[in-house]
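Quick notes on the structure that follows.
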Amino acid sequence: MSEGRGRIASVLVVGVVADERGGGVLQHLDAAGRAVGAAEPVTDLAAAVGAREAAERPRWVLGSAAALYPALLRAGVRLDRCHDVELTEGLLLGHAGRWGEPRSLAAAWARLTGGPVPPDPAPRPPEPPGHGQGALFDGLPGPPGPGVETLTRVYADQLARIAATTRPGRFRLLVAAESAGALIATEMGAAGLPWRVDVHDAVLAELLGEPSPVGGPPRRLAELAARIAAAFGVRQLHADSPAELLRAFARAGVELPNTRAWVLRGVEHPAVPLVLEYKELYRIWTAHGWAWRDAWVSDGRFHPEYVPGGVVSGRWATRGGGALQIPKVIRRAVVADPGWRFVVADAGQLEPRVLAAVSGDARLAAAGGAGDLYAALARDAFAGDRARAKVALLGAMYGQTGGAAVPALAVLKRSYPTAFGHVEAAARTGEAGGLVRSWLGRTCPPAGVVVTDGDDPEPPGGADPQSPRARAARSRGRFTRNFVIQATAAEWAAALLATLRAALVGSGAELVFFQHDEVVVHCPAGQADAVAEAVGAAGERATALLFGDTPVRFPLDVSIVDCYADAT
């Protein structure tokens, strides 16, 4: 990728700050972030921003889109593009090896001027729909110091720091995608995901039985708890308590380190299938049951709060509502409005294709031009054995070192040495305590920072008999090995999302959901085919933006459905 790719086209740049009375200040900026002319105070910020957006479509410099944009959207103002100072500060701090330092506008200003750096404000509690929508900018403080001058000086400093990064062209694209994500996240939260309460209630009744009239577990969970207790030979047992389950298994002669699903599946005991079923239904009841519906679904829409870059790899997170953990059975309640359809697009085999694109391995890149990458690998190097080819490639990316992966990895290393060496180098860097970066420049946390994504995975390498220090090094090596791929995959998905958003302007279609490598568009039925084409074009554009002229394809599996659960 040339350094010019990802450079943002020259457009008018306007900094904007808000006050608590609905007004604010606008300031034109030049290409270096310097003020052009006098600042422009306005008494109605939403009206002024809306008029400027309609006339000039500038790039808006915002201290935090998450703080300012919701109020503008409620006033009917949609921004085309922005530079989010807070998100950019976090990226720049990470690139400089200062991961986790405060990233707010106030903190950036303090670092720039040599003052004491304040901590970032604690995230506000997640608010279900209908809350926190009083006055336009109620409770939104202006930036510290001299107002809009603070914003513009920090912005100019960020531009200079971006230019000094290892690959500034790529980093500019990262900043643009992250900032676009901030706008999209606000828009998707405001639009909401269509949700049929009656279907949701029917699914809950089917899975859980009737709710308890006194607030306890529903009928099906109560019955399972009784059967689990009987399987252990006791009268009563709280099946949602890991401590009680561990003691019950111990009394039965089964010592377990924990009650995670992958541990239980290796145990021969009549209670195990019951416990696994209980855990699955209990999670549905507590995470997406009747109380969740009452709190988060309003007027036929689920309104989650998305957090772009909320995971260290750059993947999105959510704050409240559990939008990224909706079980497929509950997705039956996600039904398009009458006369509308969902266009659901999923990037299959995304991370293996990223490895093919970034590693510089010509042979793997050629295989990545196929519709099924694993099948292409199988034909090329694994005697037609697709399962073995998949084990090898995933093992290389996730650090699988035992079992069936060993001979498969040997074939992969011999056939695709450059790709294998790419992830091995990232692992060795991590084991030594070093930092690794994604394709566009997102930097991993330093050694010593505990990283978790909230999943419940089976360890890729099984038990490690080495010393605690060696185990910690190997664990970090597995993390950095995958970080360079997963973070780049998140960048490709962000570029897809931003490109698709631009393509949908004026169509009436709306982005309503995004999860890792899957995007959902809600559109009038007559536009579904055109939206599907736009999704495919957005994927091609994202690939070109990141990787230029690469033989690697990033195909999208696209479904046009009435119900989200029906998407393939």
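Residue names in the structure tokens use chain letters A, B, ... in the order shown, residue numbers from 1 in each chain, and ligand numbers from 1 in the order shown.
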task: Considering only C-alpha atoms, return as a ChimeraX atom specification whatever protein or nucleic-acid residues lie within 7 Å of region 502-517 of chain A, sequence-local ones (same chain, fewer than 3 positions apart) excluded.
output: /A:188,191-193,315-316,324,346-347,490,493,498-499,520-524,534
**Item:** Which of region 435-563 of chain A DSSP labels helix (DSSP H, G or I), written as a PyMOL selection string
**Value:** chain A and resi 468-504+525-547
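Closest approach to Arg124 (chain A) from the set A:Ala46, A:Ala357, A:Ala67, A:Leu91 is made by A:Ala67, with distances taken over only C-alpha atoms.
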DSSP on the backbone: what in region 134-358 of chain A comes out strand (DSSP E or B), as a PDB file with N, CA and C atoms, in the first residue's frame?
```pdb
ATOM      1  N   LEU A 193     -32.763  -1.231  16.252  1.00  0.00           N
ATOM      2  CA  LEU A 193     -32.950  -2.487  15.518  1.00  0.00           C
ATOM      3  C   LEU A 193     -34.414  -2.903  15.642  1.00  0.00           C
ATOM      4  N   PRO A 194     -35.134  -3.072  14.520  1.00  0.00           N
ATOM      5  CA  PRO A 194     -36.552  -3.467  14.612  1.00  0.00           C
ATOM      6  C   PRO A 194     -36.724  -4.707  15.485  1.00  0.00           C
ATOM      7  N   VAL A 297     -36.322  -2.275  24.844  1.00  0.00           N
ATOM      8  CA  VAL A 297     -37.120  -2.227  23.620  1.00  0.00           C
ATOM      9  C   VAL A 297     -38.228  -1.196  23.806  1.00  0.00           C
ATOM     10  N   SER A 298     -38.270  -0.233  22.904  1.00  0.00           N
ATOM     11  CA  SER A 298     -39.259   0.837  22.983  1.00  0.00           C
ATOM     12  C   SER A 298     -39.788   1.143  21.592  1.00  0.00           C
ATOM     13  N   ARG A 301     -38.380  -0.936  18.706  1.00  0.00           N
ATOM     14  CA  ARG A 301     -36.959  -0.834  18.374  1.00  0.00           C
ATOM     15  C   ARG A 301     -36.098  -1.133  19.604  1.00  0.00           C
ATOM     16  N   PHE A 302     -34.997  -1.846  19.365  1.00  0.00           N
ATOM     17  CA  PHE A 302     -33.958  -2.045  20.374  1.00  0.00           C
ATOM     18  C   PHE A 302     -32.879  -1.013  20.102  1.00  0.00           C
ATOM     19  N   TYR A 306     -23.552   1.723  21.056  1.00  0.00           N
ATOM     20  CA  TYR A 306     -22.341   1.128  20.496  1.00  0.00           C
ATOM     21  C   TYR A 306     -21.108   1.926  20.910  1.00  0.00           C
ATOM     22  N   VAL A 307     -19.996   1.209  21.083  1.00  0.00           N
ATOM     23  CA  VAL A 307     -18.728   1.841  21.463  1.00  0.00           C
ATOM     24  C   VAL A 307     -17.681   1.452  20.425  1.00  0.00           C
ATOM     25  N   ALA A 317     -17.673  -2.543  20.811  1.00  0.00           N
ATOM     26  CA  ALA A 317     -18.337  -3.101  21.978  1.00  0.00           C
ATOM     27  C   ALA A 317     -19.681  -2.390  22.115  1.00  0.00           C
ATOM     28  N   THR A 318     -20.453  -2.779  23.113  1.00  0.00           N
ATOM     29  CA  THR A 318     -21.678  -2.053  23.436  1.00  0.00           C
ATOM     30  C   THR A 318     -21.702  -1.787  24.924  1.00  0.00           C
ATOM     31  N   VAL A 335     -37.495  -8.567  13.342  1.00  0.00           N
ATOM     32  CA  VAL A 335     -38.328  -8.711  12.142  1.00  0.00           C
ATOM     33  C   VAL A 335     -38.442  -7.353  11.471  1.00  0.00           C
ATOM     34  N   TRP A 340     -40.673  -3.758   4.331  1.00  0.00           N
ATOM     35  CA  TRP A 340     -39.214  -3.582   4.407  1.00  0.00           C
ATOM     36  C   TRP A 340     -38.554  -4.943   4.487  1.00  0.00           C
ATOM     37  N   ARG A 341     -37.248  -4.977   4.220  1.00  0.00           N
ATOM     38  CA  ARG A 341     -36.448  -6.204   4.318  1.00  0.00           C
ATOM     39  C   ARG A 341     -35.140  -5.876   5.032  1.00  0.00           C
ATOM     40  N   PHE A 342     -34.493  -6.931   5.495  1.00  0.00           N
ATOM     41  CA  PHE A 342     -33.128  -6.824   5.999  1.00  0.00           C
ATOM     42  C   PHE A 342     -32.166  -7.308   4.910  1.00  0.00           C
ATOM     43  N   VAL A 343     -31.086  -6.576   4.716  1.00  0.00           N
ATOM     44  CA  VAL A 343     -29.960  -7.061   3.923  1.00  0.00           C
ATOM     45  C   VAL A 343     -28.838  -7.338   4.922  1.00  0.00           C
ATOM     46  N   VAL A 344     -28.491  -8.599   5.080  1.00  0.00           N
ATOM     47  CA  VAL A 344     -27.500  -9.029   6.063  1.00  0.00           C
ATOM     48  C   VAL A 344     -26.258  -9.508   5.323  1.00  0.00           C
ATOM     49  N   ALA A 345     -25.128  -8.910   5.635  1.00  0.00           N
ATOM     50  CA  ALA A 345     -23.874  -9.256   4.945  1.00  0.00           C
ATOM     51  C   ALA A 345     -22.839  -9.709   5.961  1.00  0.00           C
ATOM     52  N   ASP A 346     -22.221 -10.834   5.697  1.00  0.00           N
ATOM     53  CA  ASP A 346     -21.233 -11.424   6.594  1.00  0.00           C
ATOM     54  C   ASP A 346     -19.971 -11.712   5.793  1.00  0.00           C
ATOM     55  N   ALA A 347     -18.847 -11.210   6.274  1.00  0.00           N
ATOM     56  CA  ALA A 347     -17.564 -11.437   5.596  1.00  0.00           C
ATOM     57  C   ALA A 347     -16.991 -12.771   6.048  1.00  0.00           C
TER      58      ALA A 347
END
```
Just the residues within 9 Å of Gly63 (chain A), please, counting only C-alpha atoms, with nothing from its chain fewer than 6 positions along; format it as an NGL selection string. :A and (15-17 or 83-87 or 104-105 or 143 or 151)
Can I get the selected residues back with C-alpha atoms, as a compact mmCIF listing (two decimals), in the first residue's frame?
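And here's out-v3.txt as it stands now:
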```
# COMPACT_ATOMS: atom_id res chain seq x y z
CA GLY A 15 -14.02 22.95 14.54
CA VAL A 16 -17.10 23.05 16.74
CA VAL A 17 -17.69 23.33 20.49
CA HIS A 83 -12.40 14.02 13.07
CA ASP A 84 -13.01 12.68 16.58
CA VAL A 85 -10.32 14.14 18.84
CA GLU A 86 -10.90 11.72 21.70
CA LEU A 87 -10.73 8.57 19.59
CA SER A 104 -10.20 13.23 26.46
CA LEU A 105 -9.85 16.71 24.96
CA PRO A 143 -13.81 22.20 26.68
CA LEU A 151 -9.98 22.20 20.27
```
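Of the residues under consideration (A:Gly189, A:Pro273, A:Glu178, A:His238), A:Gly189 shows the shortest atom-to-atom contact distance to Arg319 (chain A) when counting only C-alpha atoms.
Relative to CA of Arg481 (chain A), CA of Ala426 (chain A) is found at 4.9 Å.
Close contacts of Gly395 (chain A), defined as residues with an atom at most 10 Å away when counting only C-alpha atoms, with chain neighbours fewer than 3 positions off set aside, comprise Ala389, Lys390, Val391, Ala392, Tyr398, Gly399, Gln400, Thr401, Gly402, Ala404, Ala405, Val406, Ala408, Leu409, Leu412, Pro460 and Gly461 of chain A.
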Could you write out the selected residues, including C-alpha atoms, as a PDB file, in the first residue's frame?
```
ATOM      1  CA  ALA A 389      -5.987 -26.890   5.742  1.00  0.00           C
ATOM      2  CA  LYS A 390      -8.398 -25.008   8.023  1.00  0.00           C
ATOM      3  CA  VAL A 391      -6.810 -26.449  11.172  1.00  0.00           C
ATOM      4  CA  ALA A 392      -3.383 -25.359   9.952  1.00  0.00           C
ATOM      5  CA  TYR A 398      -4.368 -18.502  17.147  1.00  0.00           C
ATOM      6  CA  GLY A 399      -1.281 -20.277  18.453  1.00  0.00           C
ATOM      7  CA  GLN A 400      -2.551 -23.857  18.399  1.00  0.00           C
ATOM      8  CA  THR A 401       0.516 -25.967  19.127  1.00  0.00           C
ATOM      9  CA  GLY A 402      -0.756 -29.452  19.952  1.00  0.00           C
ATOM     10  CA  ALA A 404      -3.929 -32.481  15.079  1.00  0.00           C
ATOM     11  CA  ALA A 405      -2.498 -29.039  14.415  1.00  0.00           C
ATOM     12  CA  VAL A 406       1.146 -30.162  14.632  1.00  0.00           C
ATOM     13  CA  ALA A 408      -0.859 -29.556   9.580  1.00  0.00           C
ATOM     14  CA  LEU A 409       1.251 -26.616  10.784  1.00  0.00           C
ATOM     15  CA  LEU A 412       1.652 -24.733   6.289  1.00  0.00           C
ATOM     16  CA  PRO A 460      -5.798 -23.002  22.133  1.00  0.00           C
ATOM     17  CA  GLY A 461      -2.831 -24.954  23.406  1.00  0.00           C
TER      18      GLY A 461
END
```
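Residue nearest Asp80 (chain A), chosen from A:Pro58, A:Gly403, A:Gly339, A:Gly100 and counting only C-alpha atoms: A:Pro58.
Near Arg59 (chain A), within 6 Å and counting only C-alpha atoms, sit Val13, Arg81 and Cys82 of chain A; same-chain residues fewer than 3 positions away were not included.
Between Ala487 (chain A) and the candidates A:Ala323, A:Val354, A:Ile162, A:Leu281, the tightest atom-to-atom separation, counting only C-alpha atoms, involves A:Val354.
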